[in-house]
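Heads up, run.cif below (mmCIF, C-alpha atoms and all ligand atoms):
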data_target
loop_
_atom_site.group_PDB
_atom_site.id
_atom_site.type_symbol
_atom_site.label_atom_id
_atom_site.label_comp_id
_atom_site.auth_asym_id
_atom_site.auth_seq_id
_atom_site.Cartn_x
_atom_site.Cartn_y
_atom_site.Cartn_z
ATOM 1 C CA MET Y 1 96.740 36.131 37.331
ATOM 2 C CA PRO Y 2 93.406 37.972 37.678
ATOM 3 C CA THR Y 3 93.585 41.726 37.069
ATOM 4 C CA ILE Y 4 92.389 44.385 39.512
ATOM 5 C CA LYS Y 5 89.321 44.750 37.331
ATOM 6 C CA ASP Y 6 88.621 40.983 37.519
ATOM 7 C CA ASN Y 7 88.951 41.164 41.304
ATOM 8 C CA PHE Y 8 86.826 44.286 41.625
ATOM 9 C CA ASP Y 9 84.065 42.752 39.476
ATOM 10 C CA ARG Y 10 84.158 39.517 41.469
ATOM 11 C CA VAL Y 11 83.953 41.310 44.832
ATOM 12 C CA ASN Y 12 81.128 43.505 43.543
ATOM 13 C CA LYS Y 13 79.190 40.463 42.421
ATOM 14 C CA GLN Y 14 79.716 38.764 45.796
ATOM 15 C CA ILE Y 15 78.437 41.917 47.489
ATOM 16 C CA VAL Y 16 75.347 42.061 45.284
ATOM 17 C CA ASP Y 17 74.637 38.367 45.954
ATOM 18 C CA ALA Y 18 75.006 38.866 49.707
ATOM 19 C CA VAL Y 19 72.812 41.971 49.693
ATOM 20 C CA MET Y 20 70.064 40.365 47.633
ATOM 21 C CA SER Y 21 70.094 37.177 49.693
ATOM 22 C CA CYS Y 22 69.130 39.166 52.761
ATOM 23 C CA GLY Y 23 66.509 41.239 50.987
ATOM 24 C CA ARG Y 24 68.401 44.528 50.880
ATOM 25 C CA LYS Y 25 69.053 46.744 47.882
ATOM 26 C CA PRO Y 26 72.553 46.757 46.317
ATOM 27 C CA ASP Y 27 72.769 50.537 46.514
ATOM 28 C CA THR Y 28 72.688 50.350 50.315
ATOM 29 C CA ILE Y 29 76.328 49.204 50.330
ATOM 30 C CA GLN Y 30 79.462 51.182 49.552
ATOM 31 C CA LEU Y 31 82.473 49.152 48.525
ATOM 32 C CA ILE Y 32 85.580 50.887 49.838
ATOM 33 C CA ALA Y 33 88.687 49.684 48.018
ATOM 34 C CA VAL Y 34 91.454 49.702 50.625
ATOM 35 C CA SER Y 35 94.618 50.844 48.863
ATOM 36 C CA LYS Y 36 97.099 51.173 51.716
ATOM 37 C CA ARG Y 37 100.648 50.305 50.613
ATOM 38 C CA LYS Y 38 99.428 50.057 47.009
ATOM 39 C CA SER Y 39 100.725 52.311 44.232
ATOM 40 C CA VAL Y 40 99.048 55.174 42.410
ATOM 41 C CA LYS Y 41 99.143 52.966 39.322
ATOM 42 C CA MET Y 42 97.118 50.265 41.055
ATOM 43 C CA ILE Y 43 94.628 52.804 42.380
ATOM 44 C CA MET Y 44 94.234 54.135 38.837
ATOM 45 C CA GLU Y 45 93.458 50.590 37.682
ATOM 46 C CA GLY Y 46 90.851 50.407 40.420
ATOM 47 C CA ILE Y 47 89.307 53.675 39.220
ATOM 48 C CA GLN Y 48 89.267 52.344 35.657
ATOM 49 C CA ALA Y 49 87.483 49.245 36.952
ATOM 50 C CA GLY Y 50 84.785 51.470 38.441
ATOM 51 C CA ALA Y 51 85.839 51.920 42.073
ATOM 52 C CA LYS Y 52 84.650 55.234 43.541
ATOM 53 C CA HIS Y 53 85.488 54.835 47.221
ATOM 54 C CA PHE Y 54 89.039 54.315 48.448
ATOM 55 C CA GLY Y 55 90.345 53.753 51.953
ATOM 56 C CA GLU Y 56 93.788 54.738 53.228
ATOM 57 C CA ASN Y 57 95.455 54.134 56.603
ATOM 58 C CA TYR Y 58 98.507 56.356 56.780
ATOM 59 C CA ILE Y 59 98.289 60.152 56.460
ATOM 60 C CA GLN Y 60 101.652 60.827 54.822
ATOM 61 C CA GLU Y 61 101.257 58.037 52.281
ATOM 62 C CA ALA Y 62 97.691 59.122 51.529
ATOM 63 C CA ILE Y 63 98.618 62.779 50.985
ATOM 64 C CA GLU Y 64 101.222 61.803 48.410
ATOM 65 C CA LYS Y 65 98.744 59.654 46.520
ATOM 66 C CA ILE Y 66 95.743 61.976 46.761
ATOM 67 C CA ASP Y 67 97.835 64.936 45.576
ATOM 68 C CA VAL Y 68 98.468 62.971 42.374
ATOM 69 C CA ILE Y 69 95.053 61.345 41.917
ATOM 70 C CA GLY Y 70 92.835 64.164 43.163
ATOM 71 C CA LYS Y 71 89.548 64.023 44.997
ATOM 72 C CA ASN Y 72 86.981 65.172 42.492
ATOM 73 C CA LYS Y 73 85.591 61.869 41.308
ATOM 74 C CA ILE Y 74 86.827 59.780 44.215
ATOM 75 C CA CYS Y 75 85.496 59.604 47.739
ATOM 76 C CA TRP Y 76 88.426 59.129 50.125
ATOM 77 C CA HIS Y 77 87.951 57.399 53.472
ATOM 78 C CA PHE Y 78 90.482 57.539 56.290
ATOM 79 C CA ILE Y 79 90.432 54.172 58.045
ATOM 80 C CA GLY Y 80 93.720 54.088 59.977
ATOM 81 C CA HIS Y 81 94.613 55.156 63.477
ATOM 82 C CA LEU Y 82 94.638 58.959 63.609
ATOM 83 C CA GLN Y 83 96.753 61.056 65.947
ATOM 84 C CA SER Y 84 95.217 64.377 67.000
ATOM 85 C CA ASN Y 85 98.187 66.302 65.618
ATOM 86 C CA LYS Y 86 97.437 64.941 62.132
ATOM 87 C CA ALA Y 87 93.744 65.861 62.238
ATOM 88 C CA LYS Y 88 94.400 68.874 60.026
ATOM 89 C CA PHE Y 89 95.502 66.659 57.123
ATOM 90 C CA ALA Y 90 92.741 64.122 57.598
ATOM 91 C CA VAL Y 91 90.180 66.946 57.417
ATOM 92 C CA LYS Y 92 91.794 68.493 54.354
ATOM 93 C CA TYR Y 93 92.027 65.262 52.363
ATOM 94 C CA PHE Y 94 89.238 62.912 53.453
ATOM 95 C CA GLU Y 95 85.476 62.957 53.040
ATOM 96 C CA TYR Y 96 85.024 60.424 55.839
ATOM 97 C CA ILE Y 97 87.134 59.650 58.901
ATOM 98 C CA HIS Y 98 86.127 56.209 60.233
ATOM 99 C CA THR Y 99 88.375 56.014 63.253
ATOM 100 C CA VAL Y 100 87.341 58.617 65.819
ATOM 101 C CA ASP Y 101 87.727 57.011 69.227
ATOM 102 C CA THR Y 102 88.561 59.718 71.767
ATOM 103 C CA LEU Y 103 87.153 63.072 72.769
ATOM 104 C CA LYS Y 104 90.553 64.643 72.194
ATOM 105 C CA LEU Y 105 90.622 63.486 68.583
ATOM 106 C CA ALA Y 106 87.020 64.557 67.961
ATOM 107 C CA LYS Y 107 87.877 68.020 69.328
ATOM 108 C CA SER Y 108 90.896 68.393 67.050
ATOM 109 C CA ILE Y 109 88.927 67.324 63.988
ATOM 110 C CA ASP Y 110 86.120 69.753 64.850
ATOM 111 C CA LYS Y 111 88.598 72.588 65.321
ATOM 112 C CA GLN Y 112 90.382 71.913 62.026
ATOM 113 C CA ALA Y 113 87.093 71.530 60.156
ATOM 114 C CA LYS Y 114 85.906 74.855 61.534
ATOM 115 C CA LYS Y 115 89.025 76.552 60.174
ATOM 116 C CA ILE Y 116 88.220 75.539 56.613
ATOM 117 C CA ASP Y 117 84.476 75.850 57.016
ATOM 118 C CA LYS Y 118 83.819 72.149 56.499
ATOM 119 C CA ILE Y 119 81.360 69.776 58.117
ATOM 120 C CA GLN Y 120 83.512 66.677 58.550
ATOM 121 C CA LYS Y 121 81.783 63.321 58.239
ATOM 122 C CA ILE Y 122 83.026 60.906 60.861
ATOM 123 C CA LEU Y 123 82.355 57.477 62.282
ATOM 124 C CA VAL Y 124 83.197 56.313 65.760
ATOM 125 C CA GLN Y 125 85.435 53.257 65.920
ATOM 126 C CA VAL Y 126 84.377 50.757 68.564
ATOM 127 C CA ASN Y 127 86.763 48.152 69.954
ATOM 128 C CA ILE Y 128 84.008 45.576 69.826
ATOM 129 C CA GLY Y 129 86.254 42.592 70.575
ATOM 130 C CA LYS Y 130 87.818 44.331 73.616
ATOM 131 C CA GLU Y 131 91.293 43.682 72.216
ATOM 132 C CA GLU Y 132 94.186 45.415 73.948
ATOM 133 C CA THR Y 133 96.125 45.856 70.731
ATOM 134 C CA LYS Y 134 93.308 47.542 68.809
ATOM 135 C CA SER Y 135 92.139 51.125 68.693
ATOM 136 C CA GLY Y 136 88.544 52.082 69.268
ATOM 137 C CA THR Y 137 86.375 53.205 72.121
ATOM 138 C CA ARG Y 138 85.157 50.615 74.620
ATOM 139 C CA THR Y 139 81.576 49.589 73.987
ATOM 140 C CA GLU Y 140 80.351 50.904 77.335
ATOM 141 C CA GLU Y 141 81.982 54.300 76.743
ATOM 142 C CA THR Y 142 80.668 54.807 73.227
ATOM 143 C CA ILE Y 143 77.377 56.484 74.078
ATOM 144 C CA GLU Y 144 79.085 58.974 76.387
ATOM 145 C CA LEU Y 145 81.606 59.884 73.670
ATOM 146 C CA ILE Y 146 78.831 60.261 71.118
ATOM 147 C CA LYS Y 147 76.831 62.555 73.396
ATOM 148 C CA GLN Y 148 79.851 64.837 73.545
ATOM 149 C CA ILE Y 149 80.477 64.604 69.800
ATOM 150 C CA SER Y 150 76.882 65.623 69.148
ATOM 151 C CA THR Y 151 77.683 69.061 70.570
ATOM 152 C CA PHE Y 152 80.440 69.761 68.006
ATOM 153 C CA GLU Y 153 79.152 71.945 65.199
ATOM 154 C CA ASN Y 154 81.627 70.943 62.519
ATOM 155 C CA LEU Y 155 81.252 67.188 62.911
ATOM 156 C CA SER Y 156 78.564 65.064 61.343
ATOM 157 C CA LEU Y 157 78.524 61.662 62.979
ATOM 158 C CA GLN Y 158 77.397 59.156 60.369
ATOM 159 C CA GLY Y 159 77.810 55.823 62.101
ATOM 160 C CA LEU Y 160 80.034 53.240 63.743
ATOM 161 C CA MET Y 161 83.047 51.295 62.554
ATOM 162 C CA CYS Y 162 84.609 48.120 63.894
ATOM 163 C CA MET Y 163 87.348 45.645 63.204
ATOM 164 C CA PRO Y 164 86.563 42.432 65.069
ATOM 165 C CA PRO Y 165 89.250 39.875 65.930
ATOM 166 C CA TYR Y 166 90.491 37.910 62.937
ATOM 167 C CA PHE Y 167 89.031 34.436 62.469
ATOM 168 C CA SER Y 168 89.721 32.165 59.518
ATOM 169 C CA ASP Y 169 86.054 31.172 59.822
ATOM 170 C CA PRO Y 170 84.102 34.418 59.188
ATOM 171 C CA GLU Y 171 81.020 33.023 60.933
ATOM 172 C CA LYS Y 172 82.876 33.576 64.192
ATOM 173 C CA ALA Y 173 82.882 37.339 63.532
ATOM 174 C CA ARG Y 174 79.084 37.463 63.237
ATOM 175 C CA ILE Y 175 78.463 38.057 66.938
ATOM 176 C CA TYR Y 176 80.658 41.185 66.855
ATOM 177 C CA PHE Y 177 78.905 42.624 63.819
ATOM 178 C CA LYS Y 178 75.576 41.975 65.519
ATOM 179 C CA GLN Y 179 76.758 43.794 68.639
ATOM 180 C CA LEU Y 180 77.792 46.847 66.618
ATOM 181 C CA GLY Y 181 74.363 46.880 64.962
ATOM 182 C CA LEU Y 182 72.636 46.778 68.351
ATOM 183 C CA LEU Y 183 74.810 49.609 69.635
ATOM 184 C CA LYS Y 184 73.863 51.664 66.582
ATOM 185 C CA GLU Y 185 70.150 51.090 67.310
ATOM 186 C CA LYS Y 186 70.636 52.214 70.902
ATOM 187 C CA ILE Y 187 72.350 55.416 69.795
ATOM 188 C CA MET Y 188 69.742 56.186 67.146
ATOM 189 C CA ALA Y 189 67.014 55.877 69.772
ATOM 190 C CA ARG Y 190 68.574 58.857 71.578
ATOM 191 C CA LYS Y 191 67.959 61.165 68.597
ATOM 192 C CA LEU Y 192 71.015 63.329 69.213
ATOM 193 C CA GLY Y 193 71.855 66.427 67.159
ATOM 194 C CA ASN Y 194 74.529 66.144 64.399
ATOM 195 C CA VAL Y 195 74.153 62.372 64.610
ATOM 196 C CA THR Y 196 72.559 60.479 61.714
ATOM 197 C CA MET Y 197 73.986 56.989 62.282
ATOM 198 C CA GLU Y 198 73.168 55.734 58.828
ATOM 199 C CA HIS Y 199 76.399 53.767 58.437
ATOM 200 C CA LEU Y 200 77.956 50.633 59.813
ATOM 201 C CA SER Y 201 81.505 50.342 58.490
ATOM 202 C CA MET Y 202 82.284 46.666 58.925
ATOM 203 C CA GLY Y 203 83.512 43.732 56.887
ATOM 204 C CA MET Y 204 86.877 43.161 55.172
ATOM 205 C CA SER Y 205 88.098 40.698 52.517
ATOM 206 C CA ASN Y 206 87.588 37.689 54.715
ATOM 207 C CA ASP Y 207 84.229 38.465 56.304
ATOM 208 C CA PHE Y 208 82.299 41.071 54.304
ATOM 209 C CA LYS Y 209 79.529 38.627 53.424
ATOM 210 C CA VAL Y 210 78.703 38.014 57.089
ATOM 211 C CA ALA Y 211 79.019 41.748 57.824
ATOM 212 C CA ILE Y 212 76.490 42.554 55.090
ATOM 213 C CA GLU Y 213 74.067 40.011 56.521
ATOM 214 C CA GLU Y 214 74.395 41.858 59.830
ATOM 215 C CA GLY Y 215 73.636 45.272 58.327
ATOM 216 C CA SER Y 216 76.946 46.675 57.086
ATOM 217 C CA THR Y 217 76.653 49.678 54.755
ATOM 218 C CA MET Y 218 80.371 50.157 54.105
ATOM 219 C CA VAL Y 219 82.679 47.220 53.480
ATOM 220 C CA ARG Y 220 86.435 47.849 53.432
ATOM 221 C CA VAL Y 221 88.118 45.431 51.056
ATOM 222 C CA GLY Y 222 91.848 45.468 50.314
ATOM 223 C CA THR Y 223 93.448 42.084 49.690
ATOM 224 C CA SER Y 224 90.621 40.656 47.566
ATOM 225 C CA ILE Y 225 90.912 43.604 45.159
ATOM 226 C CA PHE Y 226 94.590 44.562 45.130
ATOM 227 C CA GLY Y 227 96.215 41.302 46.250
ATOM 228 C CA ARG Y 228 98.302 40.684 49.323
ATOM 229 C CA ARG Y 229 100.314 43.500 50.890
ATOM 230 C CA ASP Y 230 104.000 42.830 51.435
HETATM 231 C C1 LIG K 301 93.783 46.994 55.811
HETATM 232 C C2 LIG K 301 92.425 47.258 56.305
HETATM 233 C C3 LIG K 301 91.289 46.740 55.648
HETATM 234 C C4 LIG K 301 91.361 45.806 54.463
HETATM 235 O O1 LIG K 301 91.714 44.526 54.874
HETATM 236 P P1 LIG K 301 91.761 43.297 53.848
HETATM 237 O O2 LIG K 301 91.770 42.113 54.727
HETATM 238 O O3 LIG K 301 93.011 43.462 53.057
HETATM 239 O O4 LIG K 301 90.544 43.357 53.000
HETATM 240 C C5 LIG K 301 90.039 47.095 56.142
HETATM 241 N N1 LIG K 301 89.900 47.911 57.207
HETATM 242 C C6 LIG K 301 90.962 48.405 57.859
HETATM 243 C C7 LIG K 301 90.727 49.291 59.024
HETATM 244 C C8 LIG K 301 92.243 48.099 57.440
HETATM 245 O O5 LIG K 301 93.285 48.594 58.115
#
Would you mind writing the structure in this file as structure tokens?
Amino acid sequence: MPTIKDNFDRVNKQIVDAVMSCGRKPDTIQLIAVSKRKSVKMIMEGIQAGAKHFGENYIQEAIEKIDVIGKNKICWHFIGHLQSNKAKFAVKYFEYIHTVDTLKLAKSIDKQAKKIDKIQKILVQVNIGKEETKSGTRTEETIELIKQISTFENLSLQGLMCMPPYFSDPEKARIYFKQLGLLKEKIMARKLGNVTMEHLSMGMSNDFKVAIEEGSTMVRVGTSIFGRRD
């Protein structure tokens, strides 16, 4: 059985290969180790292996783990669906929130960030595959939402996130990653305040190579590092 360190090293090497093969620099990609439903012990092994970015999906579970592990040396990313009434905890515990998809949620995060004098880094999640079961703003509504977000003083919009439909052949996801990249370009061209748009959070265990080729700057990898979730 490979250890978490073996897995982490292998994924890192695959990322470097993918980045170099498309002429980008390795330091343009953040590897987010997705630790949902994995223990503090396993996260510690990930930290030992050199992981600096971790992604969590569930607020209550994340609070329990982050209270033990801390957030000094680790950058925590919230990547799950967030309810407005939990915004307070997301703001307190996470450096990035990847899953902003409604004005109501953006407002709550801004309000909570203001209370603790924080500029909260966020990404807007786009439902790029138009799937009924998935969260995310509709592609055609994204620019309108972002215009409104740009007026919130305690939010710093850093980019877009997506989770395309699952395909066993990752090549089939390419078109969705491309679309998210194009949407990012469109938004950048508007030069809105509080909006930097430097990140594309896309690519998971199965398809991060393709996502990197299409411009991803944050890949979110769980299974290939920590093994399957039961
Ligand atoms: C669980 C999850 C991941 C990681 O998926 P793997 O296939 O295990 O790599 C990435 N992003 C989001 C939003 C997730 O919920």
For this session: Quick one: apply the PyMOL selection byres (((not hetatm)) within 6 of (chain K and resi 301)) to the file and drop the selected residues here as a list in words.
Result: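 Output of the PyMOL selection byres (((not hetatm)) within 6 of (chain K and resi 301)): Val34, Ile79, Gly80, Met204, Ser205, Arg220, Val221, Gly222 and Thr223 of chain Y.
Across the model, the gap from CA of Leu200 in chain Y to CA of Leu180 in chain Y is 7.8 Å.
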For this session: Excluding Glu141 in chain Y and residues on its chain fewer than 4 positions from it, collect all residues at most 12 Å away from it, counting all atoms listed in the file, and give them as a VMD selection string.
Result: chain Y and resid 101 to 103 124 to 128 130 136 to 137 145 to 148 183 187
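One finds CA of Phe54 in chain Y at 7.3 Å from CA of Ile74 in chain Y.
Here CA of Asp6 in chain Y stands at a distance of 8.4 Å from CA of Ile225 in chain Y.
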For this session: Any chance you could resolve the PyMOL selection byres (((chain Y and resi 97) around 8) and not hetatm) against this file and give the residues as a ChimeraX atom specification?
Result: /Y:77-79,90,94-96,98-100,120-123
Problem set entry | Reference answer for the PyMOL selection byres (((chain Y and resi 51) around 8) and not hetatm), as a VMD selection string | chain Y and resid 8 31 to 33 46 to 50 52 to 54
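All residues that come within 12 Å of the coordinates (75.0, 42.7, 67.3), counting only C-alpha atoms, are given as Ile128, Gly129, Thr139, Cys162, Pro164, Ala173, Arg174, Ile175, Tyr176, Phe177, Lys178, Gln179, Leu180, Gly181, Leu182, Leu183, Lys184, Glu185, Lys186, Leu200, Met202, Val210, Ala211, Glu213, Glu214, Gly215 and Ser216 of chain Y.
Contact shell of Thr217 in chain Y at 7 Å (only C-alpha atoms; same-chain neighbours under 2 positions omitted): Y:Thr28, Y:Ile29, Y:Gln30, Y:His199, Y:Leu200, Y:Ser201, Y:Gly215, Y:Val219.
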For this session: Could you give me, as a list of chain:residue names, the residues within 8 Å of range 58-73 of chain Y, counting all atoms listed in the file and dropping anything in the same chain fewer than 6 positions from it?
Result: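 Residues meeting the cut-off are Y:Lys36, Y:Arg37, Y:Ser39, Y:Val40, Y:Met44, Y:Lys52, Y:Gly80, Y:His81, Y:Lys86, Y:Phe89, Y:Ala90, Y:Tyr93.
Candidate residues Y:Leu157, Y:Ile15, Y:Gly227, Y:Glu144 were compared for distance to Gly203 in chain Y, and the nearest is Y:Ile15, using only C-alpha atoms.
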As AutoDock Vina command-line options, what would the box around range 179-192 of chain Y look like: edges along x, y and z, 6 Å added on every side, centre and edge lengths in Å to one decimal?
--center_x 72.4 --center_y 53.6 --center_z 68.3 --size_x 22.8 --size_y 31.5 --size_z 18.6
